[in-house]
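Engineer: Next up, final_17.cif (mmCIF, C-alpha atoms and all ligand atoms).
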```
data_protein
#
loop_
_atom_site.label_atom_id
_atom_site.label_comp_id
_atom_site.auth_asym_id
_atom_site.auth_seq_id
_atom_site.Cartn_x
_atom_site.Cartn_y
_atom_site.Cartn_z
CA MET A 25 -17.74 -23.90 -15.58
CA ASN A 26 -16.76 -23.39 -19.20
CA THR A 27 -13.51 -21.67 -20.05
CA GLU A 28 -13.10 -23.35 -23.45
CA ASN A 29 -11.41 -21.08 -26.00
CA LYS A 30 -10.73 -18.51 -23.28
CA LYS A 31 -7.20 -17.44 -22.62
CA ALA A 32 -5.43 -16.05 -19.57
CA THR A 33 -2.17 -14.21 -20.04
CA ILE A 34 0.19 -13.57 -17.17
CA ILE A 35 2.78 -10.79 -17.31
CA GLY A 36 5.83 -11.91 -15.34
CA GLY A 37 7.33 -15.30 -14.56
CA GLY A 38 8.38 -14.87 -10.94
CA PRO A 39 6.84 -16.92 -8.12
CA ALA A 40 3.48 -15.07 -8.35
CA GLY A 41 3.25 -15.53 -12.12
CA LEU A 42 4.37 -19.16 -12.05
CA ALA A 43 1.96 -20.07 -9.23
CA ALA A 44 -0.85 -18.30 -11.10
CA GLY A 45 0.20 -20.25 -14.19
CA VAL A 46 0.09 -23.63 -12.45
CA TYR A 47 -3.39 -22.94 -11.03
CA SER A 48 -4.68 -21.52 -14.31
CA VAL A 49 -3.47 -24.38 -16.54
CA ARG A 50 -4.63 -27.01 -14.05
CA ALA A 51 -8.07 -25.37 -14.13
CA GLY A 52 -8.15 -26.03 -17.86
CA VAL A 53 -7.57 -22.45 -19.00
CA LYS A 54 -5.23 -21.88 -21.97
CA THR A 55 -2.45 -19.92 -20.28
CA ALA A 56 0.63 -18.01 -21.38
CA ILE A 57 3.25 -16.29 -19.27
CA ILE A 58 5.09 -13.38 -20.86
CA GLU A 59 8.57 -13.17 -19.38
CA LYS A 60 11.32 -10.69 -20.20
CA LEU A 61 14.35 -12.95 -19.74
CA PHE A 62 14.32 -16.02 -17.52
CA ALA A 63 11.39 -17.31 -15.47
CA GLY A 64 12.08 -17.08 -11.75
CA GLY A 65 12.00 -13.34 -11.08
CA SER A 66 13.53 -12.20 -7.82
CA MET A 67 14.11 -15.82 -6.74
CA LEU A 68 17.01 -15.89 -9.22
CA LEU A 69 18.67 -13.06 -7.29
CA THR A 70 18.49 -14.93 -3.97
CA GLU A 71 21.18 -17.42 -3.13
CA LYS A 72 19.23 -19.38 -0.55
CA ILE A 73 15.57 -19.19 0.42
CA ASP A 74 15.23 -20.35 4.01
CA ASN A 75 11.60 -19.57 4.72
CA TYR A 76 9.68 -21.26 1.92
CA PRO A 77 7.72 -24.14 3.48
CA GLY A 78 8.64 -27.66 2.46
CA PHE A 79 12.41 -27.15 2.27
CA PRO A 80 13.71 -27.81 5.80
CA GLU A 81 17.33 -27.19 4.76
CA GLY A 82 16.45 -24.15 2.62
CA VAL A 83 16.54 -24.13 -1.16
CA SER A 84 18.55 -22.13 -3.69
CA GLY A 85 16.53 -19.43 -5.43
CA TYR A 86 17.58 -20.84 -8.79
CA GLU A 87 16.44 -24.36 -7.88
CA LEU A 88 13.06 -23.20 -6.59
CA ALA A 89 12.54 -21.11 -9.74
CA GLU A 90 13.42 -24.09 -11.96
CA LYS A 91 11.05 -26.37 -10.03
CA MET A 92 8.16 -23.91 -10.30
CA LYS A 93 8.82 -23.38 -14.00
CA SER A 94 8.95 -27.09 -14.82
CA GLN A 95 5.77 -27.69 -12.80
CA TYR A 96 4.01 -25.02 -14.90
CA LEU A 97 5.36 -26.47 -18.16
CA ARG A 98 4.41 -30.03 -17.13
CA PHE A 99 0.74 -29.00 -17.07
CA GLY A 100 1.01 -27.52 -20.56
CA GLY A 101 1.59 -23.83 -19.84
CA GLU A 102 3.25 -21.64 -22.46
CA ILE A 103 6.09 -19.19 -21.89
CA ILE A 104 6.48 -16.29 -24.34
CA GLN A 105 9.68 -14.30 -24.22
CA GLY A 106 8.90 -10.61 -24.48
CA ASP A 107 9.25 -7.22 -22.86
CA VAL A 108 5.79 -5.69 -22.36
CA ASP A 109 5.55 -2.09 -23.55
CA GLU A 110 1.87 -1.30 -22.97
CA VAL A 111 -1.48 -2.93 -22.22
CA PHE A 112 -4.83 -1.93 -23.73
CA PHE A 113 -8.25 -2.65 -22.23
CA GLU A 114 -10.65 -0.98 -24.69
CA GLY A 115 -12.15 -4.07 -26.38
CA VAL A 116 -13.62 -7.28 -24.95
CA ARG A 117 -10.17 -8.84 -25.09
CA LYS A 118 -7.12 -7.36 -23.38
CA ARG A 119 -4.29 -6.44 -25.74
CA ILE A 120 -0.62 -6.64 -24.72
CA ARG A 121 1.95 -4.93 -26.92
CA MET A 122 5.61 -5.81 -26.62
CA LYS A 123 8.60 -3.54 -27.18
CA ASP A 124 9.48 -5.33 -30.43
CA GLY A 125 5.96 -4.66 -31.76
CA ARG A 126 4.50 -8.16 -31.26
CA GLU A 127 1.03 -8.28 -29.76
CA GLU A 128 -0.81 -10.83 -27.60
CA GLU A 129 -4.50 -10.95 -26.82
CA ALA A 130 -6.14 -12.43 -23.75
CA ASP A 131 -9.58 -12.72 -22.16
CA ALA A 132 -8.14 -12.30 -18.67
CA LEU A 133 -4.89 -10.63 -17.70
CA ILE A 134 -2.85 -11.33 -14.57
CA ILE A 135 -0.15 -8.77 -13.80
CA ALA A 136 2.72 -10.36 -11.88
CA SER A 137 5.55 -8.15 -13.08
CA GLY A 138 7.25 -7.84 -9.69
CA SER A 139 9.57 -5.07 -8.62
CA SER A 140 13.10 -3.82 -9.34
CA ARG A 141 15.88 -2.42 -7.24
CA LYS A 142 15.78 1.31 -6.46
CA LYS A 143 18.74 3.51 -7.28
CA LEU A 144 20.46 5.98 -4.96
CA GLY A 145 20.55 8.72 -7.59
CA ILE A 146 24.05 9.88 -6.61
CA GLU A 147 27.11 10.81 -8.65
CA GLY A 148 29.06 7.80 -9.91
CA GLU A 149 26.17 5.32 -9.54
CA ASP A 150 25.25 5.12 -13.23
CA GLU A 151 28.80 5.72 -14.44
CA TYR A 152 30.15 2.73 -12.49
CA THR A 153 27.20 0.33 -12.81
CA GLY A 154 28.78 -2.88 -14.08
CA LYS A 155 32.24 -1.48 -13.21
CA GLY A 156 32.00 -2.05 -9.46
CA VAL A 157 28.49 -0.84 -8.72
CA SER A 158 26.03 -3.73 -8.56
CA PHE A 159 22.38 -4.29 -7.65
CA CYS A 160 22.68 -8.07 -7.17
CA ALA A 161 25.10 -9.81 -4.81
CA VAL A 162 24.27 -13.32 -6.06
CA CYS A 163 24.91 -12.26 -9.66
CA ASP A 164 28.13 -10.30 -9.14
CA GLY A 165 29.58 -11.23 -5.73
CA ALA A 166 32.12 -13.70 -7.11
CA PHE A 167 33.82 -10.90 -9.11
CA PHE A 168 34.95 -9.39 -5.80
CA LYS A 169 37.03 -12.22 -4.35
CA GLY A 170 39.61 -10.78 -1.95
CA LYS A 171 38.32 -7.23 -2.52
CA LYS A 172 36.71 -4.53 -0.42
CA ILE A 173 32.95 -4.33 -0.68
CA ALA A 174 30.46 -1.76 0.60
CA VAL A 175 26.78 -2.70 0.84
CA ILE A 176 24.29 0.17 1.10
CA GLY A 177 20.94 -0.26 2.88
CA GLY A 178 19.43 -1.39 6.15
CA GLY A 179 16.58 -3.72 5.15
CA ASP A 180 16.39 -7.51 4.81
CA SER A 181 18.00 -7.46 1.35
CA ALA A 182 21.01 -5.39 2.41
CA LEU A 183 21.75 -7.55 5.47
CA GLU A 184 21.26 -10.75 3.50
CA GLU A 185 23.62 -9.49 0.79
CA ALA A 186 26.25 -8.28 3.26
CA VAL A 187 26.28 -11.71 4.94
CA TYR A 188 26.48 -13.44 1.55
CA LEU A 189 29.33 -11.22 0.34
CA THR A 190 31.55 -12.00 3.34
CA ARG A 191 32.44 -15.28 1.59
CA PHE A 192 34.23 -13.29 -1.14
CA ALA A 193 35.21 -9.98 0.44
CA GLU A 194 38.49 -9.28 2.15
CA LYS A 195 36.56 -6.49 3.94
CA CYS A 196 32.81 -5.90 3.93
CA TYR A 197 31.11 -2.68 5.07
CA LEU A 198 27.40 -2.28 5.59
CA ILE A 199 26.44 1.37 5.29
CA HIS A 200 23.05 2.53 6.56
CA ARG A 201 21.58 6.02 6.78
CA ARG A 202 19.94 5.56 10.20
CA ASP A 203 21.24 4.31 13.53
CA GLU A 204 19.11 1.15 13.49
CA PHE A 205 18.33 -1.47 10.88
CA ARG A 206 14.90 -2.08 9.41
CA ALA A 207 15.78 -5.74 8.76
CA SER A 208 14.24 -8.64 10.70
CA ALA A 209 15.69 -9.68 14.06
CA TYR A 210 16.72 -12.99 12.47
CA LEU A 211 18.89 -11.28 9.83
CA GLN A 212 20.31 -8.81 12.35
CA ASN A 213 21.38 -11.81 14.41
CA GLU A 214 22.91 -13.50 11.34
CA LEU A 215 24.82 -10.30 10.59
CA LYS A 216 26.44 -10.43 14.05
CA LYS A 217 27.83 -13.89 13.25
CA HIS A 218 29.73 -12.56 10.23
CA SER A 219 32.64 -10.23 9.76
CA VAL A 220 30.83 -7.14 8.55
CA GLN A 221 31.77 -3.64 9.66
CA THR A 222 28.61 -1.58 10.08
CA VAL A 223 28.69 2.14 9.38
CA LEU A 224 25.52 3.75 10.73
CA SER A 225 23.96 7.22 10.35
CA ALA A 226 25.90 7.70 7.12
CA VAL A 227 24.37 8.81 3.83
CA PRO A 228 26.11 7.93 0.54
CA GLU A 229 27.09 11.16 -1.27
CA ARG A 230 28.97 9.85 -4.30
CA ILE A 231 30.87 6.87 -5.71
CA GLU A 232 34.34 7.61 -7.02
CA GLY A 233 36.63 5.66 -9.31
CA ASP A 234 39.46 6.00 -11.80
CA GLY A 235 37.15 6.07 -14.82
CA LYS A 236 37.42 2.27 -15.21
CA THR A 237 36.41 0.84 -11.83
CA VAL A 238 35.11 1.93 -8.44
CA LYS A 239 37.73 3.02 -5.89
CA ARG A 240 35.79 4.49 -2.97
CA VAL A 241 32.45 5.56 -1.61
CA ILE A 242 32.04 8.98 -0.01
CA LEU A 243 29.60 9.28 2.89
CA ARG A 244 28.21 12.09 4.99
CA ARG A 245 27.47 11.54 8.66
CA ASN A 246 23.90 12.76 8.87
CA LYS A 247 24.19 13.97 12.45
CA THR A 248 27.44 15.96 12.12
CA ASP A 249 27.81 16.51 8.33
CA GLU A 250 31.32 15.03 8.66
CA MET A 251 32.48 13.53 5.35
CA LEU A 252 33.91 9.99 5.30
CA SER A 253 35.70 8.07 2.60
CA PHE A 254 35.75 4.27 2.45
CA GLU A 255 37.95 2.41 -0.01
CA ALA A 256 35.82 -0.06 -1.94
CA ASP A 257 36.19 -2.08 -5.13
CA GLY A 258 32.51 -2.98 -5.15
CA VAL A 259 29.42 -1.06 -4.06
CA PHE A 260 26.25 -3.15 -3.73
CA ILE A 261 23.15 -0.99 -3.61
CA SER A 262 20.29 -2.64 -1.76
CA ILE A 263 17.88 0.12 -0.77
CA GLY A 264 14.50 -1.34 -1.62
CA GLN A 265 12.28 -1.93 -4.57
CA LYS A 266 9.94 -0.14 -6.94
CA PRO A 267 7.08 -1.88 -8.78
CA ASN A 268 7.52 -2.76 -12.46
CA VAL A 269 4.48 -0.89 -13.75
CA GLU A 270 5.74 1.28 -16.63
CA PHE A 271 3.55 -0.59 -19.15
CA ILE A 272 0.36 0.03 -17.16
CA ASN A 273 0.27 3.75 -17.81
CA GLY A 274 -2.35 4.45 -15.12
CA LYS A 275 -4.87 1.99 -16.56
CA VAL A 276 -5.52 0.31 -13.19
CA GLU A 277 -5.59 1.93 -9.76
CA GLN A 278 -2.15 2.31 -8.17
CA ASN A 279 -1.08 3.78 -4.83
CA PRO A 280 1.17 6.88 -4.76
CA ALA A 281 4.30 4.65 -4.88
CA GLY A 282 2.97 2.94 -8.02
CA TYR A 283 1.98 -0.41 -6.46
CA ILE A 284 -1.24 -1.86 -7.93
CA VAL A 285 -4.24 -1.81 -5.61
CA THR A 286 -6.14 -5.12 -5.43
CA ASN A 287 -8.89 -6.57 -3.26
CA TYR A 288 -8.64 -9.92 -1.49
CA LYS A 289 -9.61 -11.69 -4.76
CA MET A 290 -6.60 -10.03 -6.45
CA GLU A 291 -8.99 -8.07 -8.67
CA THR A 292 -7.75 -4.68 -9.85
CA SER A 293 -9.94 -1.67 -10.67
CA GLU A 294 -10.26 -3.01 -14.26
CA LYS A 295 -12.64 -5.90 -14.93
CA GLY A 296 -10.79 -9.03 -16.03
CA VAL A 297 -7.42 -7.70 -14.88
CA PHE A 298 -5.87 -9.26 -11.79
CA ALA A 299 -2.54 -8.63 -10.05
CA CYS A 300 -0.35 -10.53 -7.59
CA GLY A 301 3.14 -10.67 -6.09
CA ASP A 302 5.57 -7.81 -5.50
CA VAL A 303 3.79 -5.47 -7.94
CA ILE A 304 0.78 -5.06 -5.61
CA LYS A 305 0.30 -2.99 -2.47
CA LYS A 306 0.47 -5.39 0.49
CA THR A 307 2.20 -5.92 3.82
CA LEU A 308 4.50 -8.91 3.26
CA TYR A 309 6.76 -9.22 0.19
CA GLN A 310 7.82 -12.86 0.23
CA VAL A 311 7.92 -15.82 -2.17
CA VAL A 312 5.30 -17.63 -0.12
CA THR A 313 2.84 -14.70 -0.21
CA ALA A 314 3.48 -14.16 -3.93
CA CYS A 315 2.55 -17.80 -4.58
CA GLY A 316 -0.66 -17.53 -2.53
CA GLU A 317 -1.69 -14.37 -4.35
CA GLY A 318 -0.85 -16.00 -7.70
CA ALA A 319 -3.14 -18.93 -6.90
CA THR A 320 -5.92 -16.54 -5.84
CA ALA A 321 -5.52 -14.40 -8.98
CA ALA A 322 -5.75 -17.51 -11.21
CA ALA A 323 -8.87 -18.77 -9.40
CA SER A 324 -10.52 -15.33 -9.74
CA ALA A 325 -9.53 -15.15 -13.41
CA GLU A 326 -11.04 -18.58 -14.06
CA LYS A 327 -14.30 -17.50 -12.41
CA TYR A 328 -14.33 -14.36 -14.54
CA LEU A 329 -13.71 -16.33 -17.73
CA SER A 330 -16.43 -18.86 -16.90
CA ALA A 331 -18.96 -16.08 -16.48
CA MET A 332 -18.03 -14.35 -19.76
P1 LIG B 1 13.34 -2.26 2.38
O1 LIG B 1 12.85 -3.16 3.43
O2 LIG B 1 12.44 -1.20 1.83
O3 LIG B 1 14.67 -1.56 2.93
C1 LIG B 1 15.33 -0.57 2.20
C2 LIG B 1 16.49 -0.04 3.03
O4 LIG B 1 17.23 0.89 2.25
C3 LIG B 1 16.04 0.69 4.29
O5 LIG B 1 16.90 0.38 5.33
C4 LIG B 1 16.15 2.16 3.88
O6 LIG B 1 16.50 3.00 4.95
C5 LIG B 1 17.32 2.14 2.93
N1 LIG B 1 17.19 3.21 1.93
C6 LIG B 1 16.12 3.52 1.14
N2 LIG B 1 16.40 4.56 0.35
C7 LIG B 1 17.65 4.94 0.64
C8 LIG B 1 18.50 5.98 0.16
N3 LIG B 1 18.12 6.82 -0.80
N4 LIG B 1 19.73 6.08 0.68
C9 LIG B 1 20.16 5.24 1.66
N5 LIG B 1 19.40 4.22 2.16
C10 LIG B 1 18.17 4.09 1.65
O7 LIG B 1 13.84 -3.05 1.07
P2 LIG B 1 14.48 -4.53 0.92
O8 LIG B 1 15.49 -4.80 1.95
O9 LIG B 1 14.87 -4.62 -0.51
O10 LIG B 1 13.25 -5.49 1.15
C11 LIG B 1 12.07 -5.39 0.34
C12 LIG B 1 11.01 -6.38 0.87
O11 LIG B 1 11.45 -7.72 0.64
C13 LIG B 1 10.81 -6.23 2.37
O12 LIG B 1 9.44 -6.43 2.65
C14 LIG B 1 11.63 -7.36 2.94
O13 LIG B 1 11.15 -7.82 4.19
C15 LIG B 1 11.51 -8.43 1.86
N6 LIG B 1 12.72 -9.31 1.88
C16 LIG B 1 12.69 -10.38 2.72
C17 LIG B 1 13.80 -11.22 2.80
C18 LIG B 1 13.77 -12.40 3.74
O14 LIG B 1 12.78 -12.58 4.44
N7 LIG B 1 14.79 -13.23 3.79
C19 LIG B 1 14.94 -10.94 2.05
C20 LIG B 1 14.94 -9.83 1.21
C21 LIG B 1 13.82 -9.00 1.15
P3 LIG B 1 15.46 3.33 6.13
O15 LIG B 1 15.40 2.11 6.98
O16 LIG B 1 16.08 4.50 6.79
O17 LIG B 1 14.16 3.66 5.45
#
```
Taking this structure as input, can you express it in the form of structure tokens?

Structural biologist:
Amino acid sequence: MNTENKKATIIGGGPAGLAAGVYSVRAGVKTAIIEKLFAGGSMLLTEKIDNYPGFPEGVSGYELAEKMKSQYLRFGGEIIQGDVDEVFFEGVRKRIRMKDGREEEADALIIASGSSRKKLGIEGEDEYTGKGVSFCAVCDGAFFKGKKIAVIGGGDSALEEAVYLTRFAEKCYLIHRRDEFRASAYLQNELKKHSVQTVLSAVPERIEGDGKTVKRVILRRNKTDEMLSFEADGVFISIGQKPNVEFINGKVEQNPAGYIVTNYKMETSEKGVFACGDVIKKTLYQVVTACGEGATAAASAEKYLSAM
């Protein structure tokens, strides 16, 4: 197979992008990863990853990200810092334009841009973001030592964050809109071992403060419409993810929620464009699946480049 002078560009340096990078460079393809800030993606927002094979004691998200990044760099991969604005597929080569106007060209494109936290869309959320409202417990938890914290959500992320925040919080509430959690049995069991007060069947209505910082969260009991007020210095919103696809602009097939549709080879609807990780429609959103999809996307891209 001949991929000489052919280039693969990967958008996103999370586990999917880094795994794709390792496989692509090792296959002899000139490879660049475009990353907005720091390589690692969602791993950087996770204190401890307990279910990635090969780490019997678990591994910190930061450490795993650093290891994957240095493995990619050791094989000669390139990392370009940039925020992708739009992609263009008209010519033979794919064009990637960044928000600062720089452009990259590639023969094959792998989209591994991941997902971001969803917002509640309630009063006070934007106003107090960074002033008590947070979307990342690992990043901001330590600011709330000895304080009251409310975590919103009922999935794996919310339970994991509530458990993590108990090390700082004087009082930790976990507020969920239904009467049962969506999170795995393992995390529900972990939650029981920690001092977290669960508030079920309660929908957040607004976040109130004194103009400078958060003071309380107002909830509505969804069965009775009763209004509740919980004093909180921090509100951690953990209600799921949305794919980072703004730069795609409908140029590959996406499902109604915006996730990119791929086949088992990680091919998208556009020839020479592959996708992997949390940005695609799939059943299991985990570091280990992201890595597997990254490897598959790189192998498919190499095959595509060889046949060009
Ligand atoms: P998720 O599984 O989609 O859960 C989102 C939670 O937020 C749900 O409980 C949902 O309530 C609630 N929610 C959504 N919109 C809401 C709104 N407007 N107001 C109030 N509550 C709202 O998202 P996630 O927890 O971020 O997890 C994302 C993926 O990553 C999942 O596949 C998860 O398994 C995976 N993950 C795995 C681990 C791990 O294995 N250790 C850790 C973190 C994440 P309903 O239940 O009522 O819909």

Engineer: Residues within 9 Å of A:Pro39, please, as a ChimeraX atom specification. Count all atoms listed in the file; anything in the same chain fewer than 5 positions from it doesn't count.

Structural biologist: /A:44,63-67,88-89,92-93,136,301,311-312,314-315,318

Engineer: Residues at most 9 Å from ligand LIG 1 (chain B), using all atoms listed in the file? Could they come as a PyMOL selection string?

Structural biologist: chain A and resi 70+72-75+141-146+176-185+199-208+210-211+226-228+261-265+302+307-311

Engineer: One decimal, Å: what's the distance from atom CA of A:Asp150 over to atom CA of A:Lys236, could you say?

Structural biologist: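 Taking atom CA of A:Asp150 and atom CA of A:Lys236, their separation equals 12.7 Å.
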
Engineer: Would you kindly return, as a ChimeraX atom specification, each protein, DNA or RNA residue with an atom no farther than 12 Å from any atom of A:Leu97, considering only C-alpha atoms and excluding same-chain residues fewer than 6 positions away?

Structural biologist: /A:37,42-43,45-50,55-57,63,90-91,103-104

Engineer: How many Å lie between atom CA of A:Arg117 and atom CA of A:Ala132, rounded to one decimal?

Structural biologist: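 Here the two named atoms are 7.6 Å from each other.
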
Engineer: From the list A:Leu133, A:Ala40, A:Val53, A:Ala193, which residue is nearest A:Thr292 when using only C-alpha atoms?

Structural biologist: A:Leu133

Engineer: Please identify all polymer residues within 6 Å of stretch 155-161 of chain A, counting all atoms listed in the file, omitting same-chain residues fewer than 6 positions from it, and present them as a list in words.

Structural biologist: Glu185, Thr237, Val238, Gly258, Val259, Phe260 and Ile261 of chain A

Engineer: Between A:Ala130, A:Leu61, A:Val175, A:Ala209, single out the one closest to A:Lys195, counting all atoms listed in the file.

Structural biologist: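 Once distances to A:Lys195 are computed over all atoms listed in the file, the minimum belongs to A:Val175.
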
Engineer: Do a neighbour search on A:Glu59 at 6 Å with only C-alpha atoms, toss out local chain neighbours closer than 6 positions, and write the hits as a list of chain:residue names.

Structural biologist: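 After dropping sequence-adjacent residues, the list is A:Gly36, A:Gly37, A:Gln105, A:Gly106.
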
Engineer: Limited to C-alpha atoms, could you put the picked residues into a file as a tab-separated table (two decimals), in the frame of the given file?

Structural biologist:
```tsv
chain	number	residue	atom	x	y	z
A	36	GLY	CA	5.83	-11.91	-15.34
A	37	GLY	CA	7.33	-15.30	-14.56
A	105	GLN	CA	9.68	-14.30	-24.22
A	106	GLY	CA	8.90	-10.61	-24.48
```

Engineer: Please write a file for stretch 303-329 of chain A, taken from the block I just shared, that holds N, CA and C atoms and is laid out as a CSV table (one decimal), in the first residue's frame.

Structural biologist:
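decode12.csv, written as the output of this step:
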```
chain,number,residue,atom,x,y,z
A,303,VAL,N,-18.7,11.8,19.0
A,303,VAL,CA,-19.4,12.6,18.1
A,303,VAL,C,-20.3,11.8,17.2
A,304,ILE,N,-20.1,10.4,17.3
A,304,ILE,CA,-20.9,9.6,16.4
A,304,ILE,C,-22.1,9.0,17.1
A,305,LYS,N,-23.1,8.5,16.3
A,305,LYS,CA,-24.3,7.8,16.9
A,305,LYS,C,-23.8,6.4,17.2
A,306,LYS,N,-24.0,6.0,18.5
A,306,LYS,CA,-23.6,4.7,18.9
A,306,LYS,C,-24.3,4.3,20.2
A,307,THR,N,-23.9,3.2,20.7
A,307,THR,CA,-24.7,2.7,22.0
A,307,THR,C,-23.8,3.0,23.2
A,308,LEU,N,-22.5,2.9,23.1
A,308,LEU,CA,-21.7,3.0,24.4
A,308,LEU,C,-20.7,4.1,24.3
A,309,TYR,N,-20.8,5.2,25.1
A,309,TYR,CA,-19.9,6.3,25.1
A,309,TYR,C,-18.9,6.2,26.2
A,310,GLN,N,-17.8,5.6,25.8
A,310,GLN,CA,-16.7,5.3,26.8
A,310,GLN,C,-15.4,5.5,26.2
A,311,VAL,N,-14.3,5.7,27.0
A,311,VAL,CA,-13.0,5.9,26.5
A,311,VAL,C,-12.6,4.7,25.7
A,312,VAL,N,-12.9,3.5,26.2
A,312,VAL,CA,-12.4,2.3,25.5
A,312,VAL,C,-13.1,2.1,24.1
A,313,THR,N,-14.4,2.5,24.0
A,313,THR,CA,-15.0,2.4,22.7
A,313,THR,C,-14.5,3.5,21.7
A,314,ALA,N,-14.2,4.7,22.3
A,314,ALA,CA,-13.7,5.8,21.5
A,314,ALA,C,-12.3,5.3,20.9
A,315,CYS,N,-11.5,4.7,21.7
A,315,CYS,CA,-10.2,4.2,21.2
A,315,CYS,C,-10.4,3.2,20.0
A,316,GLY,N,-11.3,2.2,20.2
A,316,GLY,CA,-11.5,1.2,19.2
A,316,GLY,C,-12.0,1.8,17.9
A,317,GLU,N,-12.9,2.8,18.0
A,317,GLU,CA,-13.4,3.4,16.8
A,317,GLU,C,-12.3,4.3,16.2
A,318,GLY,N,-11.5,4.9,17.0
A,318,GLY,CA,-10.4,5.7,16.4
A,318,GLY,C,-9.4,4.8,15.6
A,319,ALA,N,-9.1,3.7,16.2
A,319,ALA,CA,-8.2,2.7,15.4
A,319,ALA,C,-8.9,2.3,14.1
A,320,THR,N,-10.2,2.0,14.2
A,320,THR,CA,-10.9,1.6,13.0
A,320,THR,C,-10.9,2.7,11.9
A,321,ALA,N,-11.2,3.9,12.4
A,321,ALA,CA,-11.2,5.0,11.5
A,321,ALA,C,-9.9,5.2,10.8
A,322,ALA,N,-8.8,5.1,11.5
A,322,ALA,CA,-7.5,5.3,11.0
A,322,ALA,C,-7.1,4.2,9.9
A,323,ALA,N,-7.5,3.0,10.3
A,323,ALA,CA,-7.3,1.9,9.3
A,323,ALA,C,-8.1,2.1,8.0
A,324,SER,N,-9.3,2.5,8.2
A,324,SER,CA,-10.2,2.8,7.0
A,324,SER,C,-9.6,3.9,6.2
A,325,ALA,N,-9.1,5.0,6.9
A,325,ALA,CA,-8.5,6.1,6.2
A,325,ALA,C,-7.3,5.7,5.4
A,326,GLU,N,-6.5,4.9,6.0
A,326,GLU,CA,-5.3,4.4,5.3
A,326,GLU,C,-5.6,3.6,4.1
A,327,LYS,N,-6.6,2.8,4.1
A,327,LYS,CA,-7.1,2.0,3.0
A,327,LYS,C,-7.5,3.0,1.9
A,328,TYR,N,-8.3,4.0,2.3
A,328,TYR,CA,-8.8,5.0,1.3
A,328,TYR,C,-7.6,5.7,0.7
A,329,LEU,N,-6.7,6.1,1.5
A,329,LEU,CA,-5.5,6.8,0.9
A,329,LEU,C,-4.7,6.0,-0.1
```
